[in-house]
Amino acid sequence: MEVNEVFDKVKNLFVDELGIEAEKVTMEAKLEEDLDIDSLGIVEVVMAFEDEFEIEIDDEELTDVGTVGQAVNLLHSKL
Amino acid sequence: MKTVLVTGGSRGIGKAIAKNLGLTCNVAVGYSNSKEQADEVVDEIKTAGGNAIAVSIDVTDQNSVDECFETVEDVYSSVDILINNAGITKDNIFPRLKQEDWDSVIDTNLTGSFRASQRAIKGMMKNKWGRIIFISSVAGISGNTGQSNYAASKAGLIGLAKTISKELGSRNITSNVIAPGYIETDMTSFLTDEQKEDIIEQLSIKRVGKPEDIANMVSFLCSDESEYITGQVFPVDGGLTT
């Protein structure tokens, strides 16, 4: 899967699962500051990623994930 | 219509809870050993006009817990309400309590509720609605002679429930504890008439509790009317702990 395809799926999850406005979801957007996702929201996103992409994400892998782009790259690397 | 899973739903308090919730919810009657009794509860709910299935769940085994939820989700699409009711006792006076009896009671009563609740919360977070009820015991509040393992497991549920209430309240998931006192079930059937009289002596309401007394409280805490109540412990004990 190409990076832009991963991004599209991630964007859909943010919009559908968390009700975030589509235009706010860019590669540069910061999860907490720009998208207003709290710590439980991050958990929801991760659980949605795991279901959508059928992968498992360790908590340690998330420590460097602060933006949509970083999440997309992490997912892309695991597929 | 909401769907409820009652662990240990084939007998005693769990059976009364399942039957009562059958009036307003789809019910999954969870059982570990007593399939026939679970089927009877299902029949009773259906006869009263409700929807129910019996489903096997061993709360000491994560795979069994996962399979149970998948079965219920296949039939009713989600588990909206979880009643953590399955529990065992292995009593002995503390100086003589074997570690294996400590371990098995903690694993079933406390860790079993952890397994089922964590699995249930996945769906509840997606749906942004959920109710989790833990059936604890007055033993978890006051302790009880010969029940150090049971009391510890039931006290542990209180910390678990309160923490879940804080973490997930923003997603409309409430988590509460009911602490039954002396309730007439298989679990208390070993008491002699003399012991029962001694117990009744300590109560404000002069009778042993019925499973239905607990079921009524459960139904309230599962309803929309209780949406502002979370992280609380409700003794239903005829005044034993006042």
# chains A, B, ... in the order shown; residues from 1 in each chain; ligands from 1

call {"tool": "residues_around", "arguments": {"residues": "segment 176-188 of chain B", "least_positions_apart": "5", "cutoff": "8 Å", "atoms": "only C-alpha atoms", "output": "VMD selection string"}}
result
chain B and resid 12 to 13 89 132 to 140 157 to 158 161 to 162 165 199 208 to 211 214 217 to 218 221 229 to 238 240

call {"tool": "closest_atom_pairs", "arguments": {"of": "chain B", "to": "chain A", "cutoff": "8 Å", "atoms": "only C-alpha atoms", "output": "Markdown table"}}
result
| residue | atom | partner | partner_atom | distance |
| --- | --- | --- | --- | --- |
| B:Lys122 | CA | A:Met47 | CA | 8.0 |
| B:Met125 | CA | A:Glu44 | CA | 7.3 |
| B:Lys126 | CA | A:Glu17 | CA | 7.2 |
| B:Glu167 | CA | A:Leu40 | CA | 7.6 |
| B:Leu168 | CA | A:Leu40 | CA | 7.9 |

call {"tool": "residues_around", "arguments": {"residues": "Glu33 of chain A", "least_positions_apart": "6", "cutoff": "12 Å", "atoms": "only C-alpha atoms", "output": "list in words"}}
result
Lys24, Ser39, Gly66, Thr67 and Val68 of chain A

call {"tool": "atom_distance", "arguments": {"atom1": "atom CA of Cys222 of chain B", "atom2": "atom CA of Ser117 of chain B"}}
result
15.1 Å

call {"tool": "select_by_dssp", "arguments": {"residues": "segment 15-238 of chain B", "states": "alpha helix (DSSP H)", "output": "PyMOL selection string"}}
result
chain B and resi 15-21+35-47+62-76+99-105+112-127+138-142+148-168+193-202+211-222

call {"tool": "residues_around", "arguments": {"residues": "Asn127 of chain B", "least_positions_apart": "6", "cutoff": "12 Å", "atoms": "only C-alpha atoms", "output": "NGL selection string"}}
result
(:A and (16-18 or 44)) or (:B and (2 or 77-81 or 120-121 or 171-173))

call {"tool": "residues_around", "arguments": {"residues": "Asp8 of chain A", "least_positions_apart": "2", "cutoff": "12 Å", "atoms": "only C-alpha atoms", "output": "VMD selection string"}}
result
chain A and resid 1 to 6 10 to 15 22 25 to 27 68 to 69 72 76

call {"tool": "select_by_dssp", "arguments": {"residues": "segment 74-195 of chain B", "states": "strand (DSSP E)", "output": "PyMOL selection string"}}
result
chain B and resi 81-84+130-135+173-180

call {"tool": "atom_distance", "arguments": {"atom1": "atom CA of Val46 of chain A", "atom2": "atom CA of Ala29 of chain A"}}
result
16.5 Å

call {"tool": "atom_distance", "arguments": {"atom1": "atom CA of Gly9 of chain B", "atom2": "atom CA of Asn85 of chain B"}}
result
7.5 Å
